[in-house]
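Student: Data file query-v7.cif (mmCIF, N, CA and C atoms) is appended below.
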data_final
#
loop_
_atom_site.label_atom_id
_atom_site.label_comp_id
_atom_site.auth_asym_id
_atom_site.auth_seq_id
_atom_site.Cartn_x
_atom_site.Cartn_y
_atom_site.Cartn_z
N MET A 1 167.84 53.57 74.87
CA MET A 1 168.94 53.49 73.94
C MET A 1 169.55 54.87 73.83
N VAL A 2 170.85 54.94 73.90
CA VAL A 2 171.56 56.21 73.80
C VAL A 2 172.02 56.40 72.36
N ALA A 3 171.61 57.49 71.77
CA ALA A 3 171.99 57.76 70.38
C ALA A 3 173.37 58.40 70.35
N ARG A 4 174.18 57.94 69.43
CA ARG A 4 175.49 58.56 69.22
C ARG A 4 175.29 59.86 68.47
N SER A 5 176.21 60.77 68.68
CA SER A 5 176.18 62.01 67.93
C SER A 5 176.61 61.70 66.50
N MET A 6 175.76 62.02 65.56
CA MET A 6 176.08 61.75 64.16
C MET A 6 175.48 62.84 63.29
N ALA A 7 176.02 62.95 62.10
CA ALA A 7 175.47 63.91 61.15
C ALA A 7 174.07 63.46 60.77
N THR A 8 173.18 64.39 60.60
CA THR A 8 171.80 64.06 60.23
C THR A 8 171.47 64.70 58.90
N ARG A 9 170.45 64.13 58.29
CA ARG A 9 169.97 64.64 57.01
C ARG A 9 168.45 64.62 57.06
N SER A 10 167.84 65.68 56.66
CA SER A 10 166.39 65.78 56.67
C SER A 10 165.81 65.03 55.48
N ILE A 11 164.80 64.19 55.73
CA ILE A 11 164.11 63.46 54.67
C ILE A 11 162.62 63.58 54.89
N SER A 12 161.87 63.13 53.94
CA SER A 12 160.42 63.11 54.05
C SER A 12 159.95 61.67 53.97
N VAL A 13 159.09 61.28 54.90
CA VAL A 13 158.52 59.94 54.87
C VAL A 13 157.01 60.04 55.04
N SER A 14 156.32 59.03 54.56
CA SER A 14 154.86 58.96 54.72
C SER A 14 154.55 57.87 55.73
N LEU A 15 153.66 58.18 56.68
CA LEU A 15 153.26 57.21 57.70
C LEU A 15 151.74 57.08 57.69
N ASP A 16 151.29 55.90 58.03
CA ASP A 16 149.88 55.66 58.24
C ASP A 16 149.39 56.62 59.32
N GLU A 17 148.19 57.15 59.17
CA GLU A 17 147.66 58.14 60.11
C GLU A 17 147.61 57.60 61.54
N GLU A 18 147.22 56.34 61.71
CA GLU A 18 147.14 55.76 63.05
C GLU A 18 148.54 55.62 63.66
N LEU A 19 149.52 55.25 62.85
CA LEU A 19 150.88 55.12 63.34
C LEU A 19 151.42 56.50 63.75
N LEU A 20 151.15 57.50 62.95
CA LEU A 20 151.58 58.86 63.28
C LEU A 20 150.92 59.34 64.56
N ALA A 21 149.64 59.05 64.72
CA ALA A 21 148.94 59.46 65.95
C ALA A 21 149.55 58.79 67.17
N ALA A 22 149.90 57.51 67.04
CA ALA A 22 150.53 56.79 68.14
C ALA A 22 151.90 57.38 68.45
N LEU A 23 152.65 57.73 67.42
CA LEU A 23 153.96 58.35 67.60
C LEU A 23 153.82 59.69 68.31
N ASP A 24 152.88 60.50 67.87
CA ASP A 24 152.68 61.81 68.47
C ASP A 24 152.18 61.70 69.91
N ALA A 25 151.40 60.66 70.20
CA ALA A 25 150.89 60.46 71.57
C ALA A 25 152.02 60.19 72.56
N GLN A 26 153.15 59.69 72.05
CA GLN A 26 154.30 59.43 72.92
C GLN A 26 155.01 60.72 73.32
N GLY A 27 154.74 61.78 72.59
CA GLY A 27 155.40 63.05 72.87
C GLY A 27 156.84 63.02 72.41
N GLY A 28 157.51 64.08 72.62
CA GLY A 28 158.92 64.12 72.27
C GLY A 28 159.17 64.45 70.81
N ASN A 29 160.38 64.21 70.42
CA ASN A 29 160.88 64.56 69.11
C ASN A 29 160.59 63.44 68.11
N ARG A 30 159.84 63.73 67.07
CA ARG A 30 159.52 62.71 66.05
C ARG A 30 160.79 62.13 65.43
N SER A 31 161.72 63.00 65.06
CA SER A 31 162.94 62.53 64.40
C SER A 31 163.71 61.57 65.29
N ALA A 32 163.84 61.89 66.56
CA ALA A 32 164.55 61.02 67.50
C ALA A 32 163.83 59.69 67.64
N SER A 33 162.50 59.72 67.69
CA SER A 33 161.72 58.48 67.82
C SER A 33 161.87 57.61 66.58
N VAL A 34 161.81 58.22 65.41
CA VAL A 34 161.94 57.46 64.17
C VAL A 34 163.36 56.90 64.06
N THR A 35 164.36 57.69 64.42
CA THR A 35 165.74 57.22 64.39
C THR A 35 165.92 56.01 65.30
N GLU A 36 165.40 56.09 66.52
CA GLU A 36 165.51 54.98 67.46
C GLU A 36 164.79 53.73 66.92
N ALA A 37 163.62 53.92 66.34
CA ALA A 37 162.87 52.79 65.79
C ALA A 37 163.64 52.11 64.66
N ILE A 38 164.25 52.89 63.80
CA ILE A 38 165.01 52.31 62.69
C ILE A 38 166.25 51.61 63.22
N GLN A 39 166.92 52.20 64.21
CA GLN A 39 168.09 51.53 64.80
C GLN A 39 167.71 50.18 65.40
N LEU A 40 166.59 50.14 66.13
CA LEU A 40 166.13 48.88 66.72
C LEU A 40 165.77 47.87 65.63
N TRP A 41 165.09 48.34 64.59
CA TRP A 41 164.71 47.45 63.49
C TRP A 41 165.95 46.85 62.82
N LEU A 42 166.95 47.68 62.58
CA LEU A 42 168.18 47.19 61.96
C LEU A 42 168.87 46.15 62.84
N ARG A 43 168.94 46.42 64.14
CA ARG A 43 169.57 45.46 65.05
C ARG A 43 168.80 44.15 65.10
N ARG A 44 167.49 44.23 65.15
CA ARG A 44 166.68 43.01 65.17
C ARG A 44 166.84 42.23 63.87
N ARG A 45 166.89 42.94 62.75
CA ARG A 45 167.10 42.28 61.46
C ARG A 45 168.46 41.58 61.43
N ASP A 46 169.48 42.26 61.92
CA ASP A 46 170.81 41.65 61.98
C ASP A 46 170.81 40.43 62.89
N LEU A 47 170.10 40.52 64.00
CA LEU A 47 170.00 39.39 64.93
C LEU A 47 169.30 38.20 64.27
N GLU A 48 168.24 38.45 63.53
CA GLU A 48 167.54 37.37 62.83
C GLU A 48 168.48 36.69 61.84
N ARG A 49 169.26 37.48 61.13
CA ARG A 49 170.22 36.90 60.18
C ARG A 49 171.28 36.08 60.90
N LEU A 50 171.72 36.56 62.04
CA LEU A 50 172.70 35.82 62.84
C LEU A 50 172.12 34.49 63.33
N GLN A 51 170.87 34.52 63.77
CA GLN A 51 170.22 33.29 64.22
C GLN A 51 170.09 32.29 63.06
N GLU A 52 169.72 32.78 61.88
CA GLU A 52 169.61 31.89 60.71
C GLU A 52 170.96 31.27 60.38
N ALA A 53 172.01 32.08 60.46
CA ALA A 53 173.36 31.56 60.19
C ALA A 53 173.76 30.52 61.22
N TYR A 54 173.37 30.73 62.46
CA TYR A 54 173.68 29.79 63.53
C TYR A 54 173.02 28.43 63.25
N VAL A 55 171.78 28.46 62.81
CA VAL A 55 171.06 27.22 62.49
C VAL A 55 171.71 26.55 61.27
N GLN A 56 172.08 27.33 60.26
CA GLN A 56 172.73 26.76 59.08
C GLN A 56 174.07 26.13 59.44
N LEU A 57 174.80 26.76 60.33
CA LEU A 57 176.06 26.19 60.78
C LEU A 57 175.83 24.86 61.50
N ALA A 58 174.79 24.80 62.30
CA ALA A 58 174.47 23.54 62.99
C ALA A 58 174.14 22.45 61.98
N GLN A 59 173.44 22.81 60.91
CA GLN A 59 173.10 21.83 59.88
C GLN A 59 174.37 21.33 59.18
N ILE A 60 175.27 22.25 58.86
CA ILE A 60 176.51 21.88 58.18
C ILE A 60 177.35 20.96 59.07
N GLN A 61 177.37 21.25 60.35
CA GLN A 61 178.18 20.48 61.27
C GLN A 61 177.46 19.23 61.77
N GLY A 62 176.26 19.00 61.28
CA GLY A 62 175.51 17.82 61.68
C GLY A 62 174.96 17.91 63.08
N GLY A 63 174.77 19.13 63.56
CA GLY A 63 174.28 19.31 64.93
C GLY A 63 172.79 19.09 65.05
N ASP A 64 172.33 19.14 66.26
CA ASP A 64 170.92 18.98 66.59
C ASP A 64 170.21 20.30 66.29
N LEU A 65 169.30 20.30 65.31
CA LEU A 65 168.62 21.53 64.92
C LEU A 65 167.72 22.07 66.01
N ASP A 66 167.08 21.19 66.78
CA ASP A 66 166.24 21.67 67.87
C ASP A 66 167.10 22.41 68.90
N HIS A 67 168.25 21.86 69.18
CA HIS A 67 169.17 22.50 70.12
C HIS A 67 169.67 23.83 69.54
N ALA A 68 170.00 23.84 68.26
CA ALA A 68 170.48 25.07 67.62
C ALA A 68 169.40 26.14 67.63
N ASN A 69 168.15 25.74 67.37
CA ASN A 69 167.05 26.70 67.40
C ASN A 69 166.85 27.25 68.81
N ALA A 70 166.93 26.38 69.80
CA ALA A 70 166.77 26.82 71.19
C ALA A 70 167.89 27.77 71.58
N ASP A 71 169.13 27.43 71.20
CA ASP A 71 170.26 28.30 71.49
C ASP A 71 170.10 29.65 70.80
N GLY A 72 169.68 29.62 69.54
CA GLY A 72 169.48 30.85 68.79
C GLY A 72 168.39 31.71 69.41
N ALA A 73 167.30 31.08 69.83
CA ALA A 73 166.21 31.82 70.46
C ALA A 73 166.65 32.44 71.78
N ALA A 74 167.41 31.68 72.57
CA ALA A 74 167.91 32.20 73.85
C ALA A 74 168.86 33.37 73.62
N MET A 75 169.74 33.21 72.63
CA MET A 75 170.67 34.28 72.31
C MET A 75 169.90 35.52 71.86
N GLY A 76 168.91 35.33 71.01
CA GLY A 76 168.12 36.45 70.52
C GLY A 76 167.36 37.14 71.63
N ALA A 77 166.78 36.37 72.54
CA ALA A 77 166.03 36.96 73.65
C ALA A 77 166.95 37.80 74.53
N ALA A 78 168.15 37.31 74.77
CA ALA A 78 169.10 38.06 75.59
C ALA A 78 169.51 39.37 74.92
N VAL A 79 169.74 39.31 73.63
CA VAL A 79 170.14 40.52 72.91
C VAL A 79 168.98 41.52 72.88
N LEU A 80 167.78 41.03 72.59
CA LEU A 80 166.62 41.94 72.54
C LEU A 80 166.34 42.56 73.88
N GLN A 81 166.52 41.80 74.96
CA GLN A 81 166.33 42.35 76.29
C GLN A 81 167.34 43.47 76.53
N GLY A 82 168.55 43.28 76.07
CA GLY A 82 169.57 44.31 76.19
C GLY A 82 169.22 45.56 75.39
N LEU A 83 168.60 45.38 74.23
CA LEU A 83 168.19 46.52 73.41
C LEU A 83 167.09 47.33 74.08
N ASP A 84 166.18 46.63 74.75
CA ASP A 84 165.02 47.29 75.34
C ASP A 84 165.35 47.96 76.67
N GLY A 85 166.46 47.61 77.26
CA GLY A 85 166.65 48.18 78.56
C GLY A 85 167.98 48.57 78.90
#
Rewrite the structure of this file - the entire thing - as structure tokens.
Tutor:
Amino acid sequence: MVARSMATRSISVSLDEELLAALDAQGGNRSASVTEAIQLWLRRRDLERLQEAYVQLAQIQGGDLDHANADGAAMGAAVLQGLDG
């Protein structure tokens, strides 16, 4: 994932010791890693909300919920694959 140039602000967060050890084992810049993780989390959360809305729309329109769920899952998988690579 390519980060856009943006203004940054220093904050303090607390992490579980094992999570911090795993983060440090990856090497690199902690701030950049945390920023990327939060960006991915926000996108995944937005995608989940979009999938829920898609299913609700299918219900309102009297559509097939199994089909709507399958379409939503396929859409989500494609978006997540794009995020990861």
Student: Enumerate the residues of chain A with a DSSP assignment of alpha helix (DSSP H), computed from the backbone, and present them as a PyMOL selection string.
Tutor: chain A and resi 17-25+30-60+65-84
Student: Could you list, as a list in words, every residue matched by the PyMOL selection byres (((chain A and resi 50 and name CA) around 12) and name CA) in this structure?
Tutor: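 Answer for the PyMOL selection byres (((chain A and resi 50 and name CA) around 12) and name CA): Arg43, Arg44, Arg45, Asp46, Leu47, Glu48, Arg49, Gln51, Glu52, Ala53, Tyr54, Val55, Gln56, Leu57, Ala68, Asn69, Asp71, Gly72, Ala73, Met75, Gly76 and Val79 of chain A.
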Student: Would you write out those residues with N, CA and C atoms, as a compact mmCIF listing (two decimals), keeping the file's coordinate frame?
Tutor:
# COMPACT_ATOMS: atom_id res chain seq x y z
N ARG A 43 168.94 46.42 64.14
CA ARG A 43 169.57 45.46 65.05
C ARG A 43 168.80 44.15 65.10
N ARG A 44 167.49 44.23 65.15
CA ARG A 44 166.68 43.01 65.17
C ARG A 44 166.84 42.23 63.87
N ARG A 45 166.89 42.94 62.75
CA ARG A 45 167.10 42.28 61.46
C ARG A 45 168.46 41.58 61.43
N ASP A 46 169.48 42.26 61.92
CA ASP A 46 170.81 41.65 61.98
C ASP A 46 170.81 40.43 62.89
N LEU A 47 170.10 40.52 64.00
CA LEU A 47 170.00 39.39 64.93
C LEU A 47 169.30 38.20 64.27
N GLU A 48 168.24 38.45 63.53
CA GLU A 48 167.54 37.37 62.83
C GLU A 48 168.48 36.69 61.84
N ARG A 49 169.26 37.48 61.13
CA ARG A 49 170.22 36.90 60.18
C ARG A 49 171.28 36.08 60.90
N GLN A 51 170.87 34.52 63.77
CA GLN A 51 170.22 33.29 64.22
C GLN A 51 170.09 32.29 63.06
N GLU A 52 169.72 32.78 61.88
CA GLU A 52 169.61 31.89 60.71
C GLU A 52 170.96 31.27 60.38
N ALA A 53 172.01 32.08 60.46
CA ALA A 53 173.36 31.56 60.19
C ALA A 53 173.76 30.52 61.22
N TYR A 54 173.37 30.73 62.46
CA TYR A 54 173.68 29.79 63.53
C TYR A 54 173.02 28.43 63.25
N VAL A 55 171.78 28.46 62.81
CA VAL A 55 171.06 27.22 62.49
C VAL A 55 171.71 26.55 61.27
N GLN A 56 172.08 27.33 60.26
CA GLN A 56 172.73 26.76 59.08
C GLN A 56 174.07 26.13 59.44
N LEU A 57 174.80 26.76 60.33
CA LEU A 57 176.06 26.19 60.78
C LEU A 57 175.83 24.86 61.50
N ALA A 68 170.00 23.84 68.26
CA ALA A 68 170.48 25.07 67.62
C ALA A 68 169.40 26.14 67.63
N ASN A 69 168.15 25.74 67.37
CA ASN A 69 167.05 26.70 67.40
C ASN A 69 166.85 27.25 68.81
N ASP A 71 169.13 27.43 71.20
CA ASP A 71 170.26 28.30 71.49
C ASP A 71 170.10 29.65 70.80
N GLY A 72 169.68 29.62 69.54
CA GLY A 72 169.48 30.85 68.79
C GLY A 72 168.39 31.71 69.41
N ALA A 73 167.30 31.08 69.83
CA ALA A 73 166.21 31.82 70.46
C ALA A 73 166.65 32.44 71.78
N MET A 75 169.74 33.21 72.63
CA MET A 75 170.67 34.28 72.31
C MET A 75 169.90 35.52 71.86
N GLY A 76 168.91 35.33 71.01
CA GLY A 76 168.12 36.45 70.52
C GLY A 76 167.36 37.14 71.63
N VAL A 79 169.74 39.31 73.63
CA VAL A 79 170.14 40.52 72.91
C VAL A 79 168.98 41.52 72.88
Student: Leaving out range 12-27 of chain A and any residue of its chain fewer than 6 positions from it, which residues lie within 12 Å of it when counting only C-alpha atoms, given as number ranges by chain?
Tutor: A: 33-34, 37
Student: Suppose you want the space between CA of Gln59 in chain A and atom C of Gly82 in chain A; what is it in Å?
Tutor: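 Computing it gives 28.6 Å between the two atoms.
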Student: What is the distance, in Å and to one decimal place, between CA of Arg9 in chain A and CA of Asn29 in chain A?
Tutor: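 So the answer is 15.1 Å.
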Student: As an exercise, work out the distance from atom C of Met6 in chain A to CA of Thr35 in chain A in Å and give it to one decimal place.
Tutor: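 Those two atoms sit 11.3 Å apart.
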